[in-house]
$ cat model.pdb   # PDB, C-alpha atoms, pLDDT in the B column
ATOM      1  CA  MET A 277      43.145  -2.731  92.068  1.00 53.00           C
ATOM      2  CA  LEU A 278      42.405  -0.010  89.519  1.00 55.00           C
ATOM      3  CA  ASP A 279      44.653   0.728  86.569  1.00 59.00           C
ATOM      4  CA  TYR A 280      45.738   4.154  87.780  1.00 57.00           C
ATOM      5  CA  ASP A 281      47.413   5.063  84.493  1.00 58.00           C
ATOM      6  CA  ASP A 282      44.031   4.627  82.843  1.00 61.00           C
ATOM      7  CA  GLU A 283      42.213   6.426  85.670  1.00 62.00           C
ATOM      8  CA  ALA A 284      44.544   9.417  85.812  1.00 53.00           C
ATOM      9  CA  ARG A 285      42.707  11.734  83.424  1.00 63.00           C
ATOM     10  CA  HIS A 286      39.397  11.673  85.301  1.00 60.00           C
ATOM     11  CA  TYR A 287      40.627  10.597  88.736  1.00 59.00           C
ATOM     12  CA  ASP A 288      40.346  13.991  90.445  1.00 57.00           C
ATOM     13  CA  ALA A 289      36.876  14.763  89.114  1.00 55.00           C
ATOM     14  CA  SER A 290      35.584  11.371  90.199  1.00 55.00           C
ATOM     15  CA  ARG A 291      37.027  11.716  93.722  1.00 61.00           C
ATOM     16  CA  GLY A 292      35.676  15.066  94.832  1.00 57.00           C
ATOM     17  CA  GLY A 293      38.045  17.305  92.872  1.00 66.00           C
ATOM     18  CA  GLU A 294      39.342  20.556  94.300  1.00 78.00           C
ATOM     19  CA  PRO A 295      36.949  20.784  97.287  1.00 82.00           C
ATOM     20  CA  ARG A 296      37.982  17.403  98.716  1.00 84.00           C
ATOM     21  CA  ALA A 297      41.659  18.065  98.008  1.00 89.00           C
ATOM     22  CA  ARG A 298      41.436  21.398  99.819  1.00 91.00           C
ATOM     23  CA  ALA A 299      39.725  19.790 102.819  1.00 92.00           C
ATOM     24  CA  ALA A 300      42.341  17.010 102.937  1.00 93.00           C
ATOM     25  CA  ALA A 301      45.250  19.465 102.794  1.00 95.00           C
ATOM     26  CA  GLU A 302      43.765  21.632 105.534  1.00 96.00           C
ATOM     27  CA  ALA A 303      43.369  18.594 107.790  1.00 97.00           C
ATOM     28  CA  LEU A 304      46.891  17.366 107.058  1.00 98.00           C
ATOM     29  CA  GLU A 305      48.244  20.795 107.900  1.00 97.00           C
ATOM     30  CA  ARG A 306      46.839  20.473 111.414  1.00 97.00           C
ATOM     31  CA  LEU A 307      49.022  17.404 111.995  1.00 98.00           C
ATOM     32  CA  LEU A 308      52.206  18.227 110.060  1.00 97.00           C
ATOM     33  CA  PRO A 309      55.313  19.870 111.561  1.00 95.00           C
ATOM     34  CA  HIS A 310      55.520  23.657 111.400  1.00 91.00           C
ATOM     35  CA  GLY A 311      58.595  25.527 110.238  1.00 92.00           C
ATOM     36  CA  PRO A 312      61.290  24.324 107.817  1.00 96.00           C
ATOM     37  CA  CYS A 313      60.979  20.603 107.064  1.00 97.00           C
ATOM     38  CA  THR A 314      60.753  17.992 104.320  1.00 98.00           C
ATOM     39  CA  VAL A 315      57.413  16.267 103.698  1.00 98.00           C
ATOM     40  CA  LEU A 316      57.024  13.144 101.550  1.00 98.00           C
ATOM     41  CA  ASP A 317      53.590  12.466 100.055  1.00 98.00           C
ATOM     42  CA  LEU A 318      53.561   8.703  99.477  1.00 97.00           C
ATOM     43  CA  ALA A 319      51.231   7.597  96.654  1.00 93.00           C
ATOM     44  CA  CYS A 320      50.743  11.240  95.731  1.00 95.00           C
ATOM     45  CA  GLY A 321      48.596  10.423  92.701  1.00 90.00           C
ATOM     46  CA  THR A 322      47.876  13.487  90.580  1.00 90.00           C
ATOM     47  CA  GLY A 323      49.490  15.791  93.141  1.00 93.00           C
ATOM     48  CA  ILE A 324      46.223  17.612  93.787  1.00 92.00           C
ATOM     49  CA  VAL A 325      46.799  17.420  97.559  1.00 94.00           C
ATOM     50  CA  THR A 326      50.607  17.488  97.374  1.00 96.00           C
ATOM     51  CA  GLU A 327      50.754  20.961  95.829  1.00 95.00           C
ATOM     52  CA  ARG A 328      48.604  22.352  98.640  1.00 96.00           C
ATOM     53  CA  LEU A 329      51.130  21.246 101.265  1.00 97.00           C
ATOM     54  CA  ARG A 330      53.889  23.523  99.964  1.00 96.00           C
ATOM     55  CA  ARG A 331      54.919  26.364 102.266  1.00 94.00           C
ATOM     56  CA  PRO A 332      57.913  28.736 102.480  1.00 95.00           C
ATOM     57  CA  GLY A 333      60.737  26.744 104.046  1.00 96.00           C
ATOM     58  CA  ARG A 334      58.993  23.403 103.522  1.00 97.00           C
ATOM     59  CA  THR A 335      60.179  20.972 100.845  1.00 97.00           C
ATOM     60  CA  VAL A 336      57.354  18.780  99.587  1.00 98.00           C
ATOM     61  CA  LEU A 337      58.100  15.635  97.563  1.00 98.00           C
ATOM     62  CA  GLY A 338      55.714  13.189  95.950  1.00 97.00           C
ATOM     63  CA  VAL A 339      56.230   9.551  94.999  1.00 97.00           C
ATOM     64  CA  ASP A 340      53.896   7.293  93.033  1.00 95.00           C
ATOM     65  CA  ARG A 341      54.350   4.207  90.891  1.00 93.00           C
ATOM     66  CA  SER A 342      51.838   5.243  88.198  1.00 91.00           C
ATOM     67  CA  PRO A 343      53.405   7.161  85.283  1.00 91.00           C
ATOM     68  CA  GLY A 344      49.946   8.434  84.321  1.00 88.00           C
ATOM     69  CA  MET A 345      49.389   9.950  87.746  1.00 86.00           C
ATOM     70  CA  LEU A 346      52.920  11.363  87.929  1.00 92.00           C
ATOM     71  CA  GLY A 347      52.479  13.082  84.576  1.00 91.00           C
ATOM     72  CA  LEU A 348      49.766  15.210  86.170  1.00 90.00           C
ATOM     73  CA  ALA A 349      51.564  15.570  89.500  1.00 94.00           C
ATOM     74  CA  ALA A 350      54.701  16.897  87.768  1.00 94.00           C
ATOM     75  CA  ARG A 351      52.703  19.878  86.486  1.00 93.00           C
ATOM     76  CA  ARG A 352      51.533  20.694  89.990  1.00 94.00           C
ATOM     77  CA  VAL A 353      54.803  20.054  91.824  1.00 95.00           C
ATOM     78  CA  PRO A 354      57.531  20.765  89.227  1.00 95.00           C
ATOM     79  CA  GLY A 355      60.741  18.943  90.039  1.00 95.00           C
ATOM     80  CA  GLY A 356      59.206  17.498  93.199  1.00 96.00           C
ATOM     81  CA  VAL A 357      57.871  14.092  92.161  1.00 97.00           C
ATOM     82  CA  VAL A 358      59.537  10.762  91.461  1.00 97.00           C
ATOM     83  CA  ARG A 359      58.373   7.330  90.409  1.00 96.00           C
ATOM     84  CA  GLY A 360      58.699   4.677  93.075  1.00 96.00           C
ATOM     85  CA  ASP A 361      56.989   1.905  95.011  1.00 95.00           C
ATOM     86  CA  GLY A 362      55.770   2.553  98.532  1.00 95.00           C
ATOM     87  CA  ALA A 363      57.336  -0.703  99.684  1.00 95.00           C
ATOM     88  CA  ARG A 364      60.767   0.319  98.295  1.00 96.00           C
ATOM     89  CA  LEU A 365      60.993   4.089  98.543  1.00 96.00           C
ATOM     90  CA  PRO A 366      63.771   5.791  96.537  1.00 95.00           C
ATOM     91  CA  PHE A 367      64.940   7.786  99.564  1.00 97.00           C
ATOM     92  CA  ALA A 368      67.689   7.345 102.127  1.00 97.00           C
ATOM     93  CA  SER A 369      66.927   6.392 105.712  1.00 97.00           C
ATOM     94  CA  ASP A 370      66.197   9.303 108.060  1.00 97.00           C
ATOM     95  CA  ALA A 371      65.631  11.561 105.048  1.00 97.00           C
ATOM     96  CA  VAL A 372      62.331  13.332 105.771  1.00 98.00           C
ATOM     97  CA  ASP A 373      60.528  14.991 108.651  1.00 98.00           C
ATOM     98  CA  ALA A 374      57.058  13.792 107.717  1.00 98.00           C
ATOM     99  CA  VAL A 375      55.394  11.156 105.553  1.00 98.00           C
ATOM    100  CA  VAL A 376      51.808  11.570 104.331  1.00 98.00           C
ATOM    101  CA  ILE A 377      49.781   8.524 103.247  1.00 97.00           C
ATOM    102  CA  VAL A 378      46.263   9.384 102.089  1.00 94.00           C
ATOM    103  CA  TRP A 379      43.825   6.826 100.642  1.00 89.00           C
ATOM    104  CA  LEU A 380      46.397   4.066 100.129  1.00 93.00           C
ATOM    105  CA  LEU A 381      46.587   1.576 102.998  1.00 95.00           C
ATOM    106  CA  HIS A 382      42.980   0.404 102.605  1.00 92.00           C
ATOM    107  CA  LEU A 383      43.864  -0.796  99.083  1.00 90.00           C
ATOM    108  CA  LEU A 384      46.738  -3.034 100.155  1.00 93.00           C
ATOM    109  CA  PRO A 385      46.515  -6.706 101.137  1.00 92.00           C
ATOM    110  CA  ASP A 386      49.219  -6.027 103.732  1.00 94.00           C
ATOM    111  CA  PRO A 387      50.174  -2.524 104.951  1.00 95.00           C
ATOM    112  CA  VAL A 388      53.364  -3.662 106.729  1.00 96.00           C
ATOM    113  CA  PRO A 389      55.887  -3.167 103.863  1.00 97.00           C
ATOM    114  CA  VAL A 390      54.654   0.378 103.197  1.00 97.00           C
ATOM    115  CA  LEU A 391      54.424   1.237 106.885  1.00 96.00           C
ATOM    116  CA  SER A 392      57.941  -0.093 107.478  1.00 96.00           C
ATOM    117  CA  GLU A 393      59.343   1.955 104.594  1.00 97.00           C
ATOM    118  CA  ALA A 394      57.653   5.092 105.889  1.00 97.00           C
ATOM    119  CA  VAL A 395      59.284   4.517 109.277  1.00 97.00           C
ATOM    120  CA  ARG A 396      62.677   3.917 107.637  1.00 98.00           C
ATOM    121  CA  VAL A 397      62.736   7.247 105.802  1.00 98.00           C
ATOM    122  CA  LEU A 398      61.497   9.256 108.816  1.00 98.00           C
ATOM    123  CA  ARG A 399      64.013  11.169 110.870  1.00 97.00           C
ATOM    124  CA  PRO A 400      63.909  10.697 114.667  1.00 96.00           C
ATOM    125  CA  GLY A 401      60.978  12.710 115.952  1.00 96.00           C
ATOM    126  CA  GLY A 402      59.347  12.666 112.521  1.00 97.00           C
ATOM    127  CA  VAL A 403      55.626  12.205 111.970  1.00 98.00           C
ATOM    128  CA  LEU A 404      53.634   9.838 109.787  1.00 98.00           C
ATOM    129  CA  VAL A 405      50.131  11.062 108.926  1.00 98.00           C
ATOM    130  CA  THR A 406      47.778   8.516 107.388  1.00 97.00           C
ATOM    131  CA  THR A 407      44.125   7.958 106.672  1.00 96.00           C
ATOM    132  CA  VAL A 408      42.509   5.089 108.583  1.00 97.00           C
ATOM    133  CA  ASP A 409      39.140   3.319 108.458  1.00 95.00           C
ATOM    134  CA  LYS A 410      38.392   4.798 105.032  1.00 92.00           C
ATOM    135  CA  ASN A 411      35.536   2.435 104.216  1.00 89.00           C
ATOM    136  CA  ASP A 412      33.615   3.587 107.290  1.00 93.00           C
ATOM    137  CA  ALA A 413      33.764   7.252 106.259  1.00 94.00           C
ATOM    138  CA  TYR A 414      30.277   7.321 104.707  1.00 94.00           C
ATOM    139  CA  PHE A 415      28.765   6.206 107.991  1.00 95.00           C
ATOM    140  CA  ALA A 416      30.695   8.453 110.373  1.00 92.00           C
ATOM    141  CA  GLU A 417      27.519  10.482 110.883  1.00 92.00           C
ATOM    142  CA  ASP A 418      24.132   8.990 111.668  1.00 93.00           C
ATOM    143  CA  SER A 419      21.627   8.866 108.820  1.00 96.00           C
ATOM    144  CA  ASP A 420      18.727   6.735 107.640  1.00 97.00           C
ATOM    145  CA  ILE A 421      21.095   5.059 105.148  1.00 98.00           C
ATOM    146  CA  ALA A 422      23.576   4.231 107.910  1.00 97.00           C
ATOM    147  CA  GLU A 423      20.739   2.657 109.900  1.00 97.00           C
ATOM    148  CA  VAL A 424      19.416   0.577 106.986  1.00 98.00           C
ATOM    149  CA  THR A 425      22.858  -0.773 106.085  1.00 97.00           C
ATOM    150  CA  ALA A 426      24.292  -1.170 109.617  1.00 97.00           C
ATOM    151  CA  ASP A 427      23.580  -4.875 110.118  1.00 96.00           C
ATOM    152  CA  LEU A 428      24.899  -5.901 106.700  1.00 96.00           C
ATOM    153  CA  ARG A 429      28.065  -3.860 107.205  1.00 96.00           C
ATOM    154  CA  ARG A 430      28.626  -5.247 110.692  1.00 95.00           C
ATOM    155  CA  ARG A 431      28.353  -8.861 109.571  1.00 96.00           C
ATOM    156  CA  TYR A 432      29.885  -8.840 106.095  1.00 96.00           C
ATOM    157  CA  ALA A 433      32.396  -5.984 105.817  1.00 92.00           C
ATOM    158  CA  PRO A 434      35.779  -7.530 104.937  1.00 89.00           C
ATOM    159  CA  ARG A 435      38.788  -7.057 107.172  1.00 87.00           C
ATOM    160  CA  VAL A 436      40.628  -4.074 105.718  1.00 90.00           C
ATOM    161  CA  SER A 437      44.280  -3.102 105.888  1.00 92.00           C
ATOM    162  CA  ASP A 438      43.706   0.415 107.221  1.00 94.00           C
ATOM    163  CA  ARG A 439      41.722  -0.640 110.293  1.00 94.00           C
ATOM    164  CA  SER A 440      42.826   1.845 112.929  1.00 95.00           C
ATOM    165  CA  ASP A 441      43.315  -0.562 115.840  1.00 94.00           C
ATOM    166  CA  ARG A 442      45.569  -2.805 113.745  1.00 94.00           C
ATOM    167  CA  LEU A 443      47.549   0.097 112.296  1.00 95.00           C
ATOM    168  CA  LEU A 444      48.134   1.618 115.714  1.00 96.00           C
ATOM    169  CA  ARG A 445      49.436  -1.717 116.939  1.00 96.00           C
ATOM    170  CA  LEU A 446      51.732  -2.137 113.925  1.00 96.00           C
ATOM    171  CA  ALA A 447      52.950   1.435 114.334  1.00 96.00           C
ATOM    172  CA  ALA A 448      53.705   0.911 118.030  1.00 96.00           C
ATOM    173  CA  GLU A 449      55.758  -2.168 117.159  1.00 96.00           C
ATOM    174  CA  ARG A 450      57.866   0.104 114.943  1.00 96.00           C
ATOM    175  CA  GLY A 451      58.375   2.800 117.554  1.00 96.00           C
ATOM    176  CA  LEU A 452      55.567   5.159 116.537  1.00 97.00           C
ATOM    177  CA  GLU A 453      53.143   6.723 118.998  1.00 96.00           C
ATOM    178  CA  ALA A 454      49.748   8.219 118.131  1.00 97.00           C
ATOM    179  CA  THR A 455      50.017  11.960 118.805  1.00 97.00           C
ATOM    180  CA  GLY A 456      47.076  13.490 116.959  1.00 97.00           C
ATOM    181  CA  ARG A 457      43.813  12.861 115.141  1.00 97.00           C
ATOM    182  CA  THR A 458      41.490  14.817 112.914  1.00 98.00           C
ATOM    183  CA  ARG A 459      38.962  14.294 110.117  1.00 96.00           C
ATOM    184  CA  PHE A 460      38.105  15.922 106.817  1.00 95.00           C
ATOM    185  CA  PRO A 461      34.951  15.792 104.687  1.00 93.00           C
ATOM    186  CA  GLY A 462      34.609  14.343 101.235  1.00 90.00           C
ATOM    187  CA  THR A 463      32.917  17.556 100.183  1.00 87.00           C
ATOM    188  CA  GLY A 464      29.967  16.959  97.874  1.00 86.00           C
ATOM    189  CA  GLN A 465      30.338  13.175  97.969  1.00 89.00           C
ATOM    190  CA  GLY A 466      27.368  12.265 100.130  1.00 93.00           C
ATOM    191  CA  ARG A 467      25.174   9.655  98.428  1.00 96.00           C
ATOM    192  CA  SER A 468      21.403   9.498  98.148  1.00 98.00           C
ATOM    193  CA  PRO A 469      19.340   6.346  98.752  1.00 98.00           C
ATOM    194  CA  ARG A 470      18.985   5.870  94.994  1.00 98.00           C
ATOM    195  CA  SER A 471      22.725   6.186  94.352  1.00 97.00           C
ATOM    196  CA  TRP A 472      23.466   3.687  97.150  1.00 98.00           C
ATOM    197  CA  ARG A 473      21.096   1.186  95.556  1.00 97.00           C
ATOM    198  CA  GLU A 474      22.786   1.685  92.196  1.00 97.00           C
ATOM    199  CA  VAL A 475      26.314   1.052  93.473  1.00 96.00           C
ATOM    200  CA  ILE A 476      25.130  -1.952  95.503  1.00 97.00           C
ATOM    201  CA  GLU A 477      23.327  -3.460  92.510  1.00 95.00           C
ATOM    202  CA  ALA A 478      26.436  -2.823  90.362  1.00 95.00           C
ATOM    203  CA  GLY A 479      28.452  -5.026  92.740  1.00 93.00           C
ATOM    204  CA  SER A 480      30.718  -2.174  93.842  1.00 91.00           C
ATOM    205  CA  ILE A 481      30.225  -2.463  97.612  1.00 94.00           C
ATOM    206  CA  SER A 482      32.390  -5.037  99.379  1.00 91.00           C
ATOM    207  CA  TRP A 483      30.057  -5.752 102.297  1.00 93.00           C
ATOM    208  CA  CYS A 484      27.304  -6.580  99.821  1.00 94.00           C
ATOM    209  CA  THR A 485      29.368  -8.832  97.565  1.00 90.00           C
ATOM    210  CA  HIS A 486      30.087 -10.993 100.636  1.00 87.00           C
ATOM    211  CA  ALA A 487      26.455 -11.115 101.822  1.00 95.00           C
ATOM    212  CA  PRO A 488      23.627 -13.500 100.798  1.00 96.00           C
ATOM    213  CA  ARG A 489      21.591 -12.211  97.865  1.00 95.00           C
ATOM    214  CA  ASP A 490      18.304 -12.209  99.751  1.00 97.00           C
ATOM    215  CA  GLU A 491      19.769  -9.999 102.487  1.00 97.00           C
ATOM    216  CA  VAL A 492      21.218  -7.597  99.931  1.00 97.00           C
ATOM    217  CA  ALA A 493      17.860  -7.471  98.135  1.00 97.00           C
ATOM    218  CA  ASP A 494      16.140  -6.662 101.426  1.00 97.00           C
ATOM    219  CA  VAL A 495      18.517  -3.771 102.088  1.00 97.00           C
ATOM    220  CA  CYS A 496      17.891  -2.460  98.568  1.00 97.00           C
ATOM    221  CA  ARG A 497      14.135  -2.603  99.159  1.00 98.00           C
ATOM    222  CA  ARG A 498      14.536  -0.688 102.414  1.00 98.00           C
ATOM    223  CA  LEU A 499      16.713   1.908 100.694  1.00 98.00           C
ATOM    224  CA  ALA A 500      14.051   2.293  98.003  1.00 98.00           C
ATOM    225  CA  ALA A 501      11.456   2.968 100.706  1.00 98.00           C
ATOM    226  CA  LEU A 502      13.393   5.870 102.242  1.00 98.00           C
ATOM    227  CA  PRO A 503      12.142   9.412 101.620  1.00 98.00           C
ATOM    228  CA  ASP A 504      13.965  11.920  99.412  1.00 98.00           C
ATOM    229  CA  GLN A 505      15.423   9.313  97.089  1.00 98.00           C
ATOM    230  CA  ASP A 506      17.708  11.766  95.285  1.00 98.00           C
ATOM    231  CA  VAL A 507      18.799  13.860  98.266  1.00 98.00           C
ATOM    232  CA  PRO A 508      22.420  13.160  99.303  1.00 96.00           C
ATOM    233  CA  ARG A 509      22.997  12.225 102.927  1.00 96.00           C
ATOM    234  CA  PRO A 510      25.990  13.557 104.946  1.00 94.00           C
ATOM    235  CA  ASP A 511      29.355  13.745 103.229  1.00 94.00           C
ATOM    236  CA  PRO A 512      31.845  11.039 104.230  1.00 94.00           C
ATOM    237  CA  LEU A 513      34.282  11.986 106.987  1.00 96.00           C
ATOM    238  CA  TYR A 514      37.793  10.595 106.524  1.00 95.00           C
ATOM    239  CA  PRO A 515      39.834  10.036 109.720  1.00 97.00           C
ATOM    240  CA  LEU A 516      43.512  10.969 109.879  1.00 98.00           C
ATOM    241  CA  VAL A 517      45.964   9.892 112.568  1.00 98.00           C
ATOM    242  CA  ALA A 518      49.416  11.312 113.297  1.00 98.00           C
ATOM    243  CA  LEU A 519      52.090   8.867 114.458  1.00 98.00           C
ATOM    244  CA  THR A 520      55.345  10.261 115.828  1.00 97.00           C
ATOM    245  CA  SER A 521      58.657   8.410 116.002  1.00 90.00           C
TER
END

$ encode --input "model.pdb" --output "structure tokens"
Amino acid sequence: MLDYDDEARHYDASRGGEPRARAAAEALERLLPHGPCTVLDLACGTGIVTERLRRPGRTVLGVDRSPGMLGLAARRVPGGVVRGDGARLPFASDAVDAVVIVWLLHLLPDPVPVLSEAVRVLRPGGVLVTTVDKNDAYFAEDSDIAEVTADLRRRYAPRVSDRSDRLLRLAAERGLEATGRTRFPGTGQGRSPRSWREVIEAGSISWCTHAPRDEVADVCRRLAALPDQDVPRPDPLYPLVALTS
């Protein structure tokens, strides 16, 4: 996992910046409770999304375990952030009306401790909103890149912790029911054939690091043969699911 203290200064710019944060907040708003409530943004990072969730009558809190990230978040949500681990949240049981988990569960070897803590701090009738299937976001829309990489992804993509079918099952075991879904774009983050080849050759793509070298080389050759080598394909689309207690 990344050193998020070290990443903090350039994290937002490298992850889509303000446009992606705005799109994420707008999508979250479609699934969050309306009216007076308390919302906890778990793994809030720099607070770039957290600050956009504030509304009159709504208390928004952020928690993260990275001091570097929280230093930035504290400027955006003054007095509203605290250091803590998602598996041991510094909040009482039944303390909040909603928990938001964006771009976290796919990083964890096991989502159960974090999911269980989110359920613990939710009040009865509260809602948990989380991203799912993050690694599939770049291929949510058909494209020539999606077609070229499909077989390699199908056979060699590792089992991830935010797989939607597994998370829905784990949530149901903890008394949560899926009550809503939406998606938001990673605005400006679509990759071109050339940029896909570069990240594959750099060893940054999990379904390539698990595949035989000759098969990876073949996919890179096919990517190199695509037209418009520097034209980005569709932006990734990140799924969100709302789970109500």

$ resolve_selection --input "model.pdb" --expression "the PyMOL selection byres ((chain A and resi 504) around 12)" --output "list in words"
Asp420, Ile421, Arg467, Ser468, Pro469, Arg470, Ser471, Leu499, Ala500, Ala501, Leu502, Pro503, Gln505, Asp506, Val507, Pro508 and Arg509 of chain A

$ closest_residue --input "model.pdb" --among "A:Arg352, A:Phe460, A:Ala301, A:Leu346" --to "Ala416 in chain A" --atoms "all atoms listed in the file"
A:Phe460

$ resolve_selection --input "model.pdb" --expression "the PyMOL selection byres ((chain A and resi 298) around 10)" --output "PyMOL selection string"
chain A and resi 292-297+299-304+324-325+328-329+460-463

$ atom_distance --input "model.pdb" --atom1 "CA of Asp373 in chain A" --atom2 "CA of Leu443 in chain A"
20.1 Å

$ resolve_selection --input "model.pdb" --expression "the PyMOL selection byres ((chain A and resi 323) around 12)" --output "MDAnalysis selection string"
chainID A and resid 284 287:288 293:294 297:298 301 316:322 324:330 336:340 342 344:354 356:358 378

$ atom_distance --input "model.pdb" --atom1 "CA of Glu477 in chain A" --atom2 "CA of Leu428 in chain A"
14.5 Å

$ residues_around --input "model.pdb" --residues "Ser521 in chain A" --least-positions-apart "6" --cutoff "12 Å" --atoms "only C-alpha atoms" --output "PyMOL selection string"
chain A and resi 370+372-375+394-405+447-455

$ residues_around --input "model.pdb" --residues "Arg431 in chain A" --least-positions-apart "3" --cutoff "12 Å" --atoms "only C-alpha atoms" --output "list in words"
Thr425, Ala426, Asp427, Leu428, Pro434, Arg435, Ser482, Trp483, Cys484, His486, Ala487, Pro488 and Glu491 of chain A

$ residues_around --input "model.pdb" --residues "Pro385 in chain A" --least-positions-apart "5" --cutoff "10 Å" --atoms "all atoms listed in the file" --output "number ranges by chain"
A: 435-438

$ residues_near_point --input "model.pdb" --point "(37.0, 5.5, 107.4)" --cutoff "10 Å" --atoms "all atoms listed in the file" --output "PDB file with C-alpha atoms, in the coordinates of the input"
ATOM      1  CA  TRP A 379      43.825   6.826 100.642  1.00 89.00           C
ATOM      2  CA  HIS A 382      42.980   0.404 102.605  1.00 92.00           C
ATOM      3  CA  THR A 407      44.125   7.958 106.672  1.00 96.00           C
ATOM      4  CA  VAL A 408      42.509   5.089 108.583  1.00 97.00           C
ATOM      5  CA  ASP A 409      39.140   3.319 108.458  1.00 95.00           C
ATOM      6  CA  LYS A 410      38.392   4.798 105.032  1.00 92.00           C
ATOM      7  CA  ASN A 411      35.536   2.435 104.216  1.00 89.00           C
ATOM      8  CA  ASP A 412      33.615   3.587 107.290  1.00 93.00           C
ATOM      9  CA  ALA A 413      33.764   7.252 106.259  1.00 94.00           C
ATOM     10  CA  TYR A 414      30.277   7.321 104.707  1.00 94.00           C
ATOM     11  CA  PHE A 415      28.765   6.206 107.991  1.00 95.00           C
ATOM     12  CA  ALA A 416      30.695   8.453 110.373  1.00 92.00           C
ATOM     13  CA  ASP A 438      43.706   0.415 107.221  1.00 94.00           C
ATOM     14  CA  ARG A 439      41.722  -0.640 110.293  1.00 94.00           C
ATOM     15  CA  SER A 440      42.826   1.845 112.929  1.00 95.00           C
ATOM     16  CA  ARG A 459      38.962  14.294 110.117  1.00 96.00           C
ATOM     17  CA  PRO A 512      31.845  11.039 104.230  1.00 94.00           C
ATOM     18  CA  LEU A 513      34.282  11.986 106.987  1.00 96.00           C
ATOM     19  CA  TYR A 514      37.793  10.595 106.524  1.00 95.00           C
ATOM     20  CA  PRO A 515      39.834  10.036 109.720  1.00 97.00           C
ATOM     21  CA  LEU A 516      43.512  10.969 109.879  1.00 98.00           C
TER      22      LEU A 516
END

$ atom_distance --input "model.pdb" --atom1 "CA of Pro387 in chain A" --atom2 "CA of Tyr432 in chain A"
21.3 Å

$ closest_residue --input "model.pdb" --among "A:Thr485, A:Ile377, A:Glu305, A:Asp511" --to "Ala433 in chain A" --atoms "all atoms listed in the file"
A:Thr485

$ closest_residue --input "model.pdb" --among "A:Gly466, A:Gly362, A:Gly456, A:Pro309" --to "Leu391 in chain A" --atoms "all atoms listed in the file"
A:Gly362

$ closest_residue --input "model.pdb" --among "A:Ser392, A:Thr406, A:Gln465, A:Thr520" --to "Leu380 in chain A" --atoms "only C-alpha atoms"
A:Thr406

$ axis_aligned_box --input "model.pdb" --around "range 483-488 of chain A" --padding-each-side "4 Å" --output "lines of an AutoDock Vina configuration file"
center_x = 26.9
center_y = -9.6
center_z = 99.9
size_x = 14.5
size_y = 15.7
size_z = 12.7
